[in-house]
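As stored in entry_17.cif (mmCIF, C-alpha atoms):
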data_target
loop_
_atom_site.label_atom_id
_atom_site.label_comp_id
_atom_site.auth_asym_id
_atom_site.auth_seq_id
_atom_site.Cartn_x
_atom_site.Cartn_y
_atom_site.Cartn_z
CA ARG W 268 32.38 68.93 133.39
CA ALA W 269 35.12 67.43 131.21
CA ALA W 270 36.38 64.60 133.44
CA THR W 271 36.23 63.03 136.88
CA ASP W 272 39.91 63.82 137.49
CA THR W 273 42.60 66.28 136.35
CA ILE W 274 42.74 67.25 132.67
CA SER W 275 46.33 66.57 131.59
CA SER W 276 46.22 67.43 127.89
CA VAL W 277 44.12 69.17 125.27
CA ALA W 278 44.22 69.45 121.46
CA PHE W 279 42.18 71.17 118.76
CA HIS W 280 40.98 69.27 115.68
CA PRO W 281 42.91 70.42 112.58
CA THR W 282 39.81 71.46 110.58
CA LYS W 283 36.65 71.24 112.71
CA PRO W 284 35.44 73.14 115.80
CA ILE W 285 36.30 70.23 118.08
CA VAL W 286 38.60 69.87 121.06
CA VAL W 287 39.77 66.70 122.77
CA THR W 288 40.87 66.32 126.39
CA GLY W 289 42.93 63.62 128.06
CA SER W 290 42.52 63.00 131.76
CA ASP W 291 44.04 61.36 134.79
CA ASP W 292 40.78 59.37 134.98
CA THR W 293 42.20 57.21 132.09
CA THR W 294 39.77 58.52 129.46
CA TRP W 295 39.80 60.95 126.56
CA ARG W 296 36.76 62.97 125.53
CA MET W 297 35.93 64.91 122.38
CA TRP W 298 33.84 68.10 122.65
CA SER W 299 32.16 70.50 120.24
CA VAL W 300 33.32 74.12 120.36
CA PRO W 301 31.86 76.46 121.59
CA ASP W 302 28.84 74.46 122.85
CA GLY W 303 30.88 71.99 124.88
CA GLU W 304 28.70 69.01 123.93
CA LEU W 305 30.30 65.58 124.29
CA ILE W 306 30.79 64.00 120.85
CA MET W 307 32.79 60.88 121.65
CA SER W 308 34.92 59.38 124.39
CA GLY W 309 37.35 56.53 124.75
CA ASP W 310 38.77 54.37 127.46
CA GLY W 311 41.27 51.56 127.29
CA HIS W 312 44.30 52.91 129.09
CA ARG W 313 45.04 51.46 132.53
CA SER W 314 46.55 54.69 133.86
CA TRP W 315 46.41 58.47 133.41
CA ILE W 316 46.53 59.90 129.90
CA ALA W 317 49.56 62.14 129.45
CA ASP W 318 49.01 63.48 125.92
CA VAL W 319 46.48 63.58 123.07
CA GLU W 320 47.15 64.53 119.44
CA PHE W 321 44.92 64.63 116.34
CA HIS W 322 46.06 63.06 113.07
CA PRO W 323 46.79 65.82 110.51
CA LYS W 324 43.69 64.77 108.52
CA GLY W 325 41.58 64.67 111.69
CA THR W 326 40.54 61.04 111.18
CA HIS W 327 42.38 59.56 114.14
CA LEU W 328 43.55 60.46 117.63
CA ALA W 329 46.78 59.37 119.32
CA THR W 330 46.99 59.01 123.10
CA CYS W 331 49.76 57.97 125.46
CA SER W 332 49.58 57.03 129.09
CA GLY W 333 51.19 56.20 132.37
CA ASP W 334 50.62 52.54 131.45
CA GLY W 335 53.36 52.93 128.79
CA LEU W 336 50.92 52.35 125.93
CA VAL W 337 50.51 54.48 122.83
CA LYS W 338 47.09 54.10 121.22
CA VAL W 339 45.63 55.29 117.93
CA TRP W 340 41.85 55.71 117.88
CA ASP W 341 39.76 55.53 114.69
CA PHE W 342 36.76 57.87 114.59
CA VAL W 343 34.95 55.92 111.85
CA THR W 344 34.80 52.72 113.90
CA ALA W 345 34.77 54.61 117.22
CA SER W 346 37.38 52.21 118.59
CA CYS W 347 41.09 51.73 119.21
CA ALA W 348 42.73 50.89 115.87
CA THR W 349 46.28 50.24 117.10
CA THR W 350 48.10 49.81 120.40
CA PHE W 351 51.89 50.15 120.58
CA THR W 352 53.40 48.44 123.63
CA ASP W 353 57.18 48.87 123.25
CA HIS W 354 57.76 51.53 125.92
CA ALA W 355 59.00 50.06 129.21
CA GLN W 356 57.63 52.90 131.37
CA ALA W 357 55.11 55.75 131.25
CA ALA W 358 54.72 57.49 127.87
CA TRP W 359 54.66 61.30 128.16
CA GLY W 360 54.05 62.66 124.67
CA VAL W 361 52.95 61.90 121.10
CA ALA W 362 53.20 63.81 117.80
CA PHE W 363 52.19 63.03 114.22
CA HIS W 364 54.40 63.64 111.19
CA HIS W 365 52.79 66.11 108.78
CA SER W 366 52.22 63.26 106.28
CA GLY W 367 50.20 61.33 108.86
CA ASP W 368 52.14 58.13 108.15
CA PHE W 369 54.29 58.27 111.28
CA LEU W 370 53.77 58.90 114.96
CA VAL W 371 56.50 59.60 117.50
CA SER W 372 56.25 59.06 121.25
CA CYS W 373 58.48 59.73 124.24
CA SER W 374 58.76 57.98 127.56
CA MET W 375 60.10 57.82 131.07
CA ASP W 376 62.16 54.85 129.77
CA GLN W 377 64.63 57.47 128.37
CA THR W 378 63.66 56.85 124.73
CA ALA W 379 61.55 58.25 121.93
CA LYS W 380 60.08 55.86 119.37
CA LEU W 381 58.98 56.30 115.76
CA TRP W 382 55.89 54.28 114.85
CA ASP W 383 54.94 53.40 111.26
CA LEU W 384 51.15 53.62 111.14
CA ASN W 385 50.90 51.64 107.90
CA SER W 386 52.86 48.58 109.08
CA GLU W 387 51.92 49.15 112.76
CA ARG W 388 55.47 48.64 114.02
CA CYS W 389 58.30 50.56 115.62
CA ARG W 390 60.67 51.88 112.93
CA GLN W 391 63.23 53.60 115.15
CA THR W 392 64.15 53.97 118.81
CA PHE W 393 66.02 57.13 119.76
CA ARG W 394 68.46 56.56 122.63
CA GLY W 395 70.85 59.07 124.15
CA HIS W 396 69.03 60.86 126.94
CA VAL W 397 70.00 59.75 130.46
CA ASP W 398 66.65 60.54 132.10
CA SER W 399 62.97 60.62 131.19
CA VAL W 400 62.11 62.03 127.75
CA ASN W 401 59.26 64.40 128.62
CA ALA W 402 58.38 65.99 125.27
CA VAL W 403 58.65 65.28 121.56
CA VAL W 404 57.69 67.22 118.43
CA PHE W 405 58.32 66.97 114.69
CA GLN W 406 60.20 69.76 112.97
CA PRO W 407 57.67 71.16 110.45
CA TYR W 408 57.86 69.48 107.02
CA SER W 409 61.07 67.61 107.75
CA CYS W 410 62.38 64.23 108.86
CA ASN W 411 63.60 65.55 112.20
CA ILE W 412 62.19 65.38 115.70
CA CYS W 413 63.09 67.33 118.80
CA THR W 414 63.04 65.87 122.32
CA GLY W 415 63.13 67.52 125.72
CA SER W 416 64.37 65.53 128.69
CA ALA W 417 64.61 65.50 132.46
CA ASP W 418 68.39 65.30 131.89
CA LYS W 419 68.16 69.09 131.23
CA THR W 420 68.87 68.79 127.47
CA VAL W 421 67.05 69.30 124.19
CA SER W 422 68.06 67.05 121.29
CA LEU W 423 67.41 67.13 117.55
CA TRP W 424 67.20 63.72 115.81
CA ASP W 425 67.07 62.44 112.22
CA ILE W 426 64.22 59.90 112.01
CA ARG W 427 65.77 58.13 109.00
CA SER W 428 69.08 57.27 110.68
CA GLY W 429 67.99 57.42 114.32
CA LEU W 430 71.04 59.56 115.09
CA CYS W 431 71.20 62.67 117.21
CA ILE W 432 71.96 65.71 115.04
CA GLN W 433 72.57 68.12 117.90
CA THR W 434 72.06 68.41 121.64
CA PHE W 435 71.38 71.75 123.31
CA PHE W 436 72.52 72.40 126.89
CA GLY W 437 71.76 75.24 129.30
CA HIS W 438 68.68 74.33 131.31
CA LYS W 439 69.22 74.08 135.06
CA THR W 440 66.28 71.70 135.60
CA ALA W 441 64.22 69.20 133.60
CA VAL W 442 62.82 70.15 130.20
CA HIS W 443 59.06 69.53 130.11
CA ASP W 444 58.07 70.84 126.67
CA VAL W 445 59.55 71.74 123.30
CA ALA W 446 58.06 73.58 120.33
CA PHE W 447 59.21 74.67 116.88
CA SER W 448 58.54 78.03 115.31
CA ILE W 449 56.18 77.91 112.31
CA ARG W 450 59.14 78.09 109.88
CA GLY W 451 60.91 75.33 111.83
CA ASP W 452 64.14 77.29 112.22
CA SER W 453 63.90 77.86 116.00
CA ILE W 454 63.13 75.68 119.00
CA ALA W 455 61.60 76.88 122.26
CA SER W 456 62.03 74.77 125.40
#

Give the structure from this file in structure tokens form.
Amino acid sequence: RAATDTISSVAFHPTKPIVVTGSDDTTWRMWSVPDGELIMSGDGHRSWIADVEFHPKGTHLATCSGDGLVKVWDFVTASCATTFTDHAQAAWGVAFHHSGDFLVSCSMDQTAKLWDLNSERCRQTFRGHVDSVNAVVFQPYSCNICTGSADKTVSLWDIRSGLCIQTFFGHKTAVHDVAFSIRGDSIAS
């Protein structure tokens, strides 16, 4: 049994046979694959966990929650290394840059935020959506992110300038997820 409530997110470790789950019970748990043995767990969020994401090197885990917090967990110390508190409402998604130096999050507060993991501060806030930002992902090996929103749009942003490069229209209802192709030349929403 993975949790005492609904499992809301899952992610595979980048190099090891490990999977992590995030739950509505406010905890995340790390499991061995295929045995399913519990390796580690963490609590510290005050509300449901919306998303979990491994650092590209597999040394840390990012989580975001209905409490609006974005947390980075360190596996060496088995504790929360950093908590980002700038979102005004629930945080829906997190994604690491391929370098591992930056983390991006999205929120019901209609923004996405770029976090510098070295200085532990917000480097950029992306504003332009007029409803909850439900999903965020980095374009592979670039300085761009893509967001999907409840305002029925998908937007591409430059993380250096904070400006929207392009907005895609056509959905008739909210966008709940976005993904890039492996080459990074196509977006699915």

Inset, instruction - Identify, on the basis of all atoms listed in the file, every residue whose closest approach to W:Glu320 does not exceed 7 Å; exclude the query and any residue fewer than 4 positions from it along the same chain; express the result as an MDAnalysis selection string. - result: chainID W and resid 278 328:330 361:362

Legend entry - Among listed residues W:Ser448, W:Gln406, W:Ser399, W:Thr293, nearest W:His364 (using only C-alpha atoms): W:Gln406

Inset, instruction - Kindly indicate which residue among W:Gln377, W:Thr440, W:Thr350, W:Ser456 lies nearest to W:Val421, using all atoms listed in the file for the distances. - result: W:Ser456

Legend entry - Atomic separation - atom CA of W:His327 relative to atom CA of W:Gly289, Å: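 Going from atom CA of W:Gly289 over to atom CA of W:His327 covers 14.5 Å.
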
With the file shown as input, list the residues that the PyMOL selection byres ((chain W and resi 356) around 9) selects, as a CSV table (one decimal) with C-alpha atoms, keeping the file's coordinate frame.
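Saved to selection.csv:
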chain,number,residue,atom,x,y,z
W,333,GLY,CA,51.2,56.2,132.4
W,334,ASP,CA,50.6,52.5,131.4
W,335,GLY,CA,53.4,52.9,128.8
W,336,LEU,CA,50.9,52.4,125.9
W,354,HIS,CA,57.8,51.5,125.9
W,355,ALA,CA,59.0,50.1,129.2
W,357,ALA,CA,55.1,55.8,131.2
W,358,ALA,CA,54.7,57.5,127.9
W,374,SER,CA,58.8,58.0,127.6
W,375,MET,CA,60.1,57.8,131.1
W,376,ASP,CA,62.2,54.8,129.8
W,377,GLN,CA,64.6,57.5,128.4

Legend entry - atom CA of W:Thr392 to atom CA of W:Ser276, distance in Å rounded to a single decimal: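 Between atom CA of W:Thr392 and atom CA of W:Ser276 the gap works out to 24.2 Å.
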
Legend entry - Picked residues, the PyMOL selection byres ((chain W and resi 454) around 10), as a PyMOL selection string: chain W and resi 406+413+421+423+445-449+451-453+455-456

Inset, instruction - For atom CA of W:Asp418 and atom CA of W:His396, determine how far apart the two atoms are, in Å to one decimal place. - result: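 Separation between atom CA of W:Asp418 and atom CA of W:His396: 6.7 Å.
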
Inset, instruction - List every protein, DNA or RNA residue with an atom no more than 9 Å from (71.3, 74.9, 129.6) in the file's coordinates, counting all atoms listed in the file, and format the result as a PyMOL selection string. - result: chain W and resi 419-421+435-440

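In this comparison, which uses all atoms listed in the file, the residue of W:Leu430, W:Phe351, W:Phe321, W:Ser366 approaching W:Gly395 most closely is W:Leu430.
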
Inset, instruction - Have a look at W:His365, W:Lys324, W:Gly311, W:Cys373 and name the one nearest to W:Cys410; count only C-alpha atoms. - result: W:His365
